[in-house]
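Asker: I am attaching a structure below and will ask some questions about it afterwards.
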Amino acid sequence: MPALHLQRYIRDERLLPLADKVLHGERLTFEDGLLLYESPDLSGIGAMAHHSRLQRHGRKTYYVQSRRLSYTNICHTHCQFCAFQAKPGDPRAYALSAEDALRELSKPENAKVQELHMTSGHNPKLRIEYFEDLFRKIKAAFPKIHLKVFTMVEMDYYARVSGISVEAFLDRCVAAGLESCPGGGAEIFDPEIREKICIGKKDADTWLRVAELCHSKGVPTNCTMLYGHIEEARHRVDHLLKLRALQDRTGGFLAYIPLAYQIEDNELGKTYEILETTGVQDLREIAVARLLLDNIPHIKAYWVMITEGLAQIAQNYGANDLDGTIIEEEIAHQAGAKTPQHLTKAHLERLIREAGFEPVERDNLYHTMA
């Protein structure tokens, strides 16, 4: 997108210096980030993000054939935005055995799954031996499935209940088959907001420290931010720039996923008057992320939380990845997501092509599938 054409899309003149920075590959500042949230010129912000996306990826949009599997919903923390958690004794409470997981993965709909994404609750009865057994049995039965497991706070928690260091826990899990981590649990890094929305969950420093440890061990991760609840623009910019600073040090983040808060069936929505995120909010989050996170390769439009239609449009606002088929997603849907619990490969490719982009099937590390 030539410079003249990019600037012609901008109606808010305050954005013109930011457009110059984008065109010259200069890094945006905290104040720039605040302006991106303040400006009503969404189309201008989208044009800048689209330029950045085209520079990196052309018209390619990635997706993966993936399966979600939560090994337990038992959780000792008290995240006010979560409708998935169950306490011990709750009739909904469960913890899968390795054999349960193998039965699930043996179902016909999982035949072409490339990536197994597992995040769950903080179950005090699970120890490192449980995960070693689970990972080894899955890899033995399904050697081609990539194991993407643990938020950073999950890993910290299960290391502590196992009585070992996070480094030792990670090393043992990698030896058993762990290959990457999905990046959830970051929520919002600001300590005051975090204390209100996820009581009992470890602080931002823990999340960032464990992510840095993973990267140092050659274990790539994604990263996320939960938006659309009680946070403000300054909290979001701070969160994104902390991710950017860590990526400067490690280069270990593969993708960033903005996660829209789901308002139903959770305490946060009952405590505060929170409205469902709008299309403008969702597209802005993707565009701002593409512009601020200049060192993270991929930005996902997570169709589970923002709908398929907005995910299509998001490809023109900086997103270059539609995540995947996501068979049996539970966590967002139990908090009120109205989207399907999975999409077929053909349907995902149709969504991408209809928006004028080229679908590219990938594995978890963004290697193109033959």
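Order determines the names: the first chain of the structure tokens is A, the second B, and so forth; residues in each chain are numbered 1 upward, and ligands are numbered 1 upward as they are shown.
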With a distance cut-off of 6 Å and only C-alpha atoms, select the neighbouring residues of Ala176 (chain A), excluding the residue or stretch itself and same-chain residues fewer than 6 positions from it, and output the selection as an mmCIF file with N, CA and C atoms, in the first residue's frame.

Answerer:
data_model
loop_
_atom_site.group_PDB
_atom_site.id
_atom_site.type_symbol
_atom_site.label_atom_id
_atom_site.label_comp_id
_atom_site.auth_asym_id
_atom_site.auth_seq_id
_atom_site.Cartn_x
_atom_site.Cartn_y
_atom_site.Cartn_z
ATOM 1 N N GLU A 132 3.209 -36.276 32.955
ATOM 2 C CA GLU A 132 4.151 -37.131 32.242
ATOM 3 C C GLU A 132 3.438 -38.342 31.648
ATOM 4 N N PHE A 135 1.066 -37.092 28.675
ATOM 5 C CA PHE A 135 1.770 -36.693 27.463
ATOM 6 C C PHE A 135 2.412 -37.894 26.765
ATOM 7 N N ARG A 136 3.029 -38.767 27.530
ATOM 8 C CA ARG A 136 3.694 -39.928 26.912
ATOM 9 C C ARG A 136 2.683 -40.834 26.204
#

Asker: Near Tyr63 (chain A), counting only C-alpha atoms, which residues have an atom at most 12 Å away, once you skip same-chain residues fewer than 5 positions from it, shown as an NGL selection string?

Answerer: :A and (113-115 or 298-303 or 319-326 or 343-352 or 358-369)

Asker: In Å, how far is it from CA of Lys242 (chain A) to CA of Ala204 (chain A)?

Answerer: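 Answer for the CA of Lys242 (chain A) to CA of Ala204 (chain A) separation: 9.5 Å.
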
Asker: Would you list the contacts of Tyr158 (chain A) as a list in words, taking every protein, DNA or RNA residue within 9 Å and counting only C-alpha atoms, but skipping same-chain residues closer than 4 positions in sequence?

Answerer: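 Returned residues: His122, Asn123, Pro124, Leu126, Arg127, Ile128, Val153, Glu154, Ser162, Gly163, Ile164, Val166 and Phe169 of chain A.
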
Asker: Only C-alpha atoms, please: the residues just picked out, written as a PDB file, in the first residue's frame.

Answerer:
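And here is the file that came out, again.pdb:
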ATOM      1  CA  HIS A 122      -5.879 -25.529  38.774  1.00  0.00           C
ATOM      2  CA  ASN A 123      -6.635 -28.933  40.280  1.00  0.00           C
ATOM      3  CA  PRO A 124      -4.716 -29.473  43.547  1.00  0.00           C
ATOM      4  CA  LEU A 126      -2.773 -33.299  39.863  1.00  0.00           C
ATOM      5  CA  ARG A 127       1.002 -33.663  39.997  1.00  0.00           C
ATOM      6  CA  ILE A 128       3.883 -33.812  37.528  1.00  0.00           C
ATOM      7  CA  VAL A 153      -0.012 -19.663  35.510  1.00  0.00           C
ATOM      8  CA  GLU A 154      -1.069 -23.305  35.161  1.00  0.00           C
ATOM      9  CA  SER A 162       4.305 -31.019  42.642  1.00  0.00           C
ATOM     10  CA  GLY A 163       6.937 -29.614  45.000  1.00  0.00           C
ATOM     11  CA  ILE A 164       9.456 -28.832  42.251  1.00  0.00           C
ATOM     12  CA  VAL A 166       8.983 -24.453  37.373  1.00  0.00           C
ATOM     13  CA  PHE A 169       8.480 -29.152  35.843  1.00  0.00           C
TER      14      PHE A 169
END

Asker: Set the distance at 8 Å and use only C-alpha atoms: which residues neighbour region 186-189 of chain A once local chain neighbours fewer than 3 positions away are removed? I'd like the list as a short mmCIF file (atom, residue, chain, number, x, y, z; two decimals) with N, CA and C atoms, in the first residue's frame.

Answerer:
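result-v2.cif, freshly written:
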data_model
loop_
_atom_site.label_atom_id
_atom_site.label_comp_id
_atom_site.auth_asym_id
_atom_site.auth_seq_id
_atom_site.Cartn_x
_atom_site.Cartn_y
_atom_site.Cartn_z
N MET A 152 0.74 -20.02 31.40
CA MET A 152 1.91 -19.80 32.24
C MET A 152 1.56 -19.96 33.72
N GLY A 183 -0.63 -19.69 25.72
CA GLY A 183 -0.53 -18.25 25.99
C GLY A 183 -1.67 -17.64 26.77
N ILE A 193 -6.51 -4.13 38.41
CA ILE A 193 -7.57 -4.77 37.63
C ILE A 193 -7.51 -6.27 37.79
N ARG A 194 -6.31 -6.82 37.78
CA ARG A 194 -6.15 -8.27 37.89
C ARG A 194 -6.72 -8.80 39.20
N ASP A 203 0.36 -13.16 39.70
CA ASP A 203 0.47 -11.82 39.13
C ASP A 203 1.16 -11.83 37.77
N ALA A 204 1.21 -10.64 37.17
CA ALA A 204 1.77 -10.50 35.84
C ALA A 204 3.23 -10.93 35.78
N TRP A 207 3.49 -14.61 35.23
CA TRP A 207 3.18 -14.98 33.84
C TRP A 207 4.36 -14.68 32.93
N CYS A 223 0.62 -15.53 23.11
CA CYS A 223 0.30 -14.60 24.19
C CYS A 223 -1.08 -14.02 23.95
N THR A 224 -1.72 -13.55 25.01
CA THR A 224 -3.10 -13.12 24.94
C THR A 224 -3.34 -11.89 25.80
N MET A 225 -4.53 -11.32 25.64
CA MET A 225 -5.04 -10.30 26.56
C MET A 225 -6.55 -10.41 26.58
N LEU A 226 -7.14 -10.38 27.77
CA LEU A 226 -8.59 -10.37 27.92
C LEU A 226 -9.05 -8.92 27.97
N TYR A 227 -9.92 -8.54 27.05
CA TYR A 227 -10.37 -7.15 26.98
C TYR A 227 -11.90 -7.08 27.00
N GLU A 231 -11.34 -2.99 32.37
CA GLU A 231 -10.05 -2.34 32.10
C GLU A 231 -10.27 -1.06 31.27
N HIS A 235 -4.57 0.43 30.48
CA HIS A 235 -4.23 -0.92 30.93
C HIS A 235 -3.92 -1.83 29.74
N ARG A 236 -4.67 -1.64 28.66
CA ARG A 236 -4.43 -2.47 27.47
C ARG A 236 -3.09 -2.13 26.83
N ASP A 238 -0.46 -0.81 28.27
CA ASP A 238 0.57 -1.32 29.18
C ASP A 238 0.78 -2.81 28.98
N HIS A 239 -0.31 -3.56 28.88
CA HIS A 239 -0.23 -5.01 28.69
C HIS A 239 0.50 -5.35 27.39
#

Asker: Apply DSSP to the structure's backbone, then extract all residues of region 206-301 of chain A labelled alpha helix (DSSP H) and return them as number ranges by chain.

Answerer: A: 206-216, 233-250, 267-271, 279-292

Asker: Could you save the residues just selected, with N, CA and C atoms, as a short mmCIF file (atom, residue, chain, number, x, y, z; two decimals), in the first residue's frame?

Answerer:
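To be explicit, this is the file written out as part.cif:
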data_model
loop_
_atom_site.label_atom_id
_atom_site.label_comp_id
_atom_site.auth_asym_id
_atom_site.auth_seq_id
_atom_site.Cartn_x
_atom_site.Cartn_y
_atom_site.Cartn_z
N THR A 206 4.71 -13.25 37.38
CA THR A 206 4.79 -14.71 37.27
C THR A 206 4.54 -15.15 35.84
N TRP A 207 3.49 -14.61 35.23
CA TRP A 207 3.18 -14.98 33.84
C TRP A 207 4.36 -14.68 32.93
N LEU A 208 4.89 -13.49 33.03
CA LEU A 208 5.99 -13.08 32.15
C LEU A 208 7.26 -13.88 32.43
N ARG A 209 7.52 -14.17 33.71
CA ARG A 209 8.72 -14.94 34.06
C ARG A 209 8.65 -16.37 33.52
N VAL A 210 7.49 -16.99 33.63
CA VAL A 210 7.35 -18.37 33.13
C VAL A 210 7.42 -18.39 31.61
N ALA A 211 6.83 -17.40 30.96
CA ALA A 211 6.93 -17.33 29.50
C ALA A 211 8.38 -17.18 29.07
N GLU A 212 9.13 -16.34 29.78
CA GLU A 212 10.54 -16.16 29.44
C GLU A 212 11.32 -17.46 29.65
N LEU A 213 10.99 -18.19 30.70
CA LEU A 213 11.64 -19.48 30.93
C LEU A 213 11.34 -20.44 29.78
N CYS A 214 10.09 -20.52 29.36
CA CYS A 214 9.74 -21.38 28.23
C CYS A 214 10.57 -21.03 27.00
N HIS A 215 10.63 -19.76 26.70
CA HIS A 215 11.37 -19.33 25.52
C HIS A 215 12.85 -19.68 25.64
N SER A 216 13.40 -19.54 26.82
CA SER A 216 14.82 -19.85 27.02
C SER A 216 15.10 -21.33 26.82
N ALA A 233 -8.15 1.88 28.46
CA ALA A 233 -7.18 1.87 27.36
C ALA A 233 -5.74 1.82 27.88
N ARG A 234 -5.46 2.56 28.94
CA ARG A 234 -4.08 2.59 29.46
C ARG A 234 -3.64 1.22 29.95
N HIS A 235 -4.57 0.43 30.48
CA HIS A 235 -4.23 -0.92 30.93
C HIS A 235 -3.92 -1.83 29.74
N ARG A 236 -4.67 -1.64 28.66
CA ARG A 236 -4.43 -2.47 27.47
C ARG A 236 -3.09 -2.13 26.83
N VAL A 237 -2.79 -0.84 26.72
CA VAL A 237 -1.51 -0.45 26.12
C VAL A 237 -0.35 -0.96 26.97
N ASP A 238 -0.46 -0.81 28.27
CA ASP A 238 0.57 -1.32 29.18
C ASP A 238 0.78 -2.81 28.98
N HIS A 239 -0.31 -3.56 28.88
CA HIS A 239 -0.23 -5.01 28.69
C HIS A 239 0.50 -5.35 27.39
N LEU A 240 0.10 -4.69 26.31
CA LEU A 240 0.71 -4.99 25.01
C LEU A 240 2.19 -4.64 24.99
N LEU A 241 2.55 -3.55 25.61
CA LEU A 241 3.97 -3.16 25.59
C LEU A 241 4.82 -4.06 26.48
N LYS A 242 4.23 -4.62 27.53
CA LYS A 242 4.97 -5.62 28.32
C LYS A 242 5.23 -6.88 27.48
N LEU A 243 4.26 -7.28 26.69
CA LEU A 243 4.46 -8.42 25.79
C LEU A 243 5.55 -8.09 24.76
N ARG A 244 5.49 -6.89 24.23
CA ARG A 244 6.49 -6.49 23.22
C ARG A 244 7.89 -6.48 23.80
N ALA A 245 8.02 -5.99 25.03
CA ALA A 245 9.34 -5.94 25.67
C ALA A 245 9.89 -7.34 25.90
N LEU A 246 9.03 -8.28 26.31
CA LEU A 246 9.50 -9.65 26.49
C LEU A 246 9.90 -10.27 25.16
N GLN A 247 9.11 -9.99 24.12
CA GLN A 247 9.47 -10.52 22.80
C GLN A 247 10.80 -9.97 22.31
N ASP A 248 11.10 -8.72 22.65
CA ASP A 248 12.41 -8.16 22.31
C ASP A 248 13.53 -8.99 22.91
N ARG A 249 13.31 -9.48 24.12
CA ARG A 249 14.36 -10.25 24.81
C ARG A 249 14.45 -11.69 24.32
N THR A 250 13.32 -12.29 23.98
CA THR A 250 13.33 -13.74 23.74
C THR A 250 12.97 -14.17 22.32
N GLU A 267 -19.33 -14.31 37.47
CA GLU A 267 -19.54 -13.32 38.53
C GLU A 267 -19.19 -11.90 38.12
N LEU A 268 -18.21 -11.76 37.26
CA LEU A 268 -17.79 -10.41 36.87
C LEU A 268 -18.94 -9.66 36.22
N GLY A 269 -19.68 -10.36 35.35
CA GLY A 269 -20.81 -9.73 34.69
C GLY A 269 -21.96 -9.40 35.62
N LYS A 270 -22.01 -10.09 36.77
CA LYS A 270 -23.06 -9.81 37.76
C LYS A 270 -22.65 -8.68 38.71
N THR A 271 -21.34 -8.51 38.89
CA THR A 271 -20.83 -7.50 39.81
C THR A 271 -20.76 -6.12 39.16
N GLY A 279 -18.48 -4.90 17.41
CA GLY A 279 -17.58 -5.14 16.30
C GLY A 279 -16.48 -4.12 16.20
N VAL A 280 -16.80 -2.87 16.51
CA VAL A 280 -15.78 -1.81 16.49
C VAL A 280 -14.69 -2.10 17.52
N GLN A 281 -15.08 -2.50 18.73
CA GLN A 281 -14.08 -2.84 19.75
C GLN A 281 -13.21 -4.01 19.30
N ASP A 282 -13.84 -5.05 18.78
CA ASP A 282 -13.09 -6.24 18.41
C ASP A 282 -12.10 -5.96 17.28
N LEU A 283 -12.54 -5.21 16.28
CA LEU A 283 -11.63 -4.89 15.17
C LEU A 283 -10.52 -3.95 15.62
N ARG A 284 -10.85 -3.02 16.51
CA ARG A 284 -9.82 -2.10 17.01
C ARG A 284 -8.73 -2.87 17.77
N GLU A 285 -9.13 -3.84 18.59
CA GLU A 285 -8.14 -4.61 19.35
C GLU A 285 -7.16 -5.32 18.42
N ILE A 286 -7.67 -5.87 17.34
CA ILE A 286 -6.80 -6.57 16.40
C ILE A 286 -5.87 -5.59 15.70
N ALA A 287 -6.42 -4.46 15.27
CA ALA A 287 -5.60 -3.46 14.57
C ALA A 287 -4.54 -2.86 15.49
N VAL A 288 -4.92 -2.51 16.70
CA VAL A 288 -3.95 -1.94 17.63
C VAL A 288 -2.83 -2.94 17.93
N ALA A 289 -3.21 -4.20 18.09
CA ALA A 289 -2.20 -5.22 18.36
C ALA A 289 -1.21 -5.32 17.21
N ARG A 290 -1.72 -5.31 15.98
CA ARG A 290 -0.80 -5.43 14.83
C ARG A 290 0.15 -4.24 14.77
N LEU A 291 -0.32 -3.07 15.19
CA LEU A 291 0.52 -1.87 15.12
C LEU A 291 1.50 -1.78 16.28
N LEU A 292 1.10 -2.16 17.48
CA LEU A 292 2.00 -2.06 18.63
C LEU A 292 2.95 -3.25 18.74
#

Asker: DSSP on the backbone: which residues in region 68-311 of chain A end up as strand (DSSP E or B)? Give the answer as a PyMOL selection string.

Answerer: chain A and resi 68+72+74+78-79+86+95+115-118+146-149+180-181+198-199+221-227+253-260+298-300
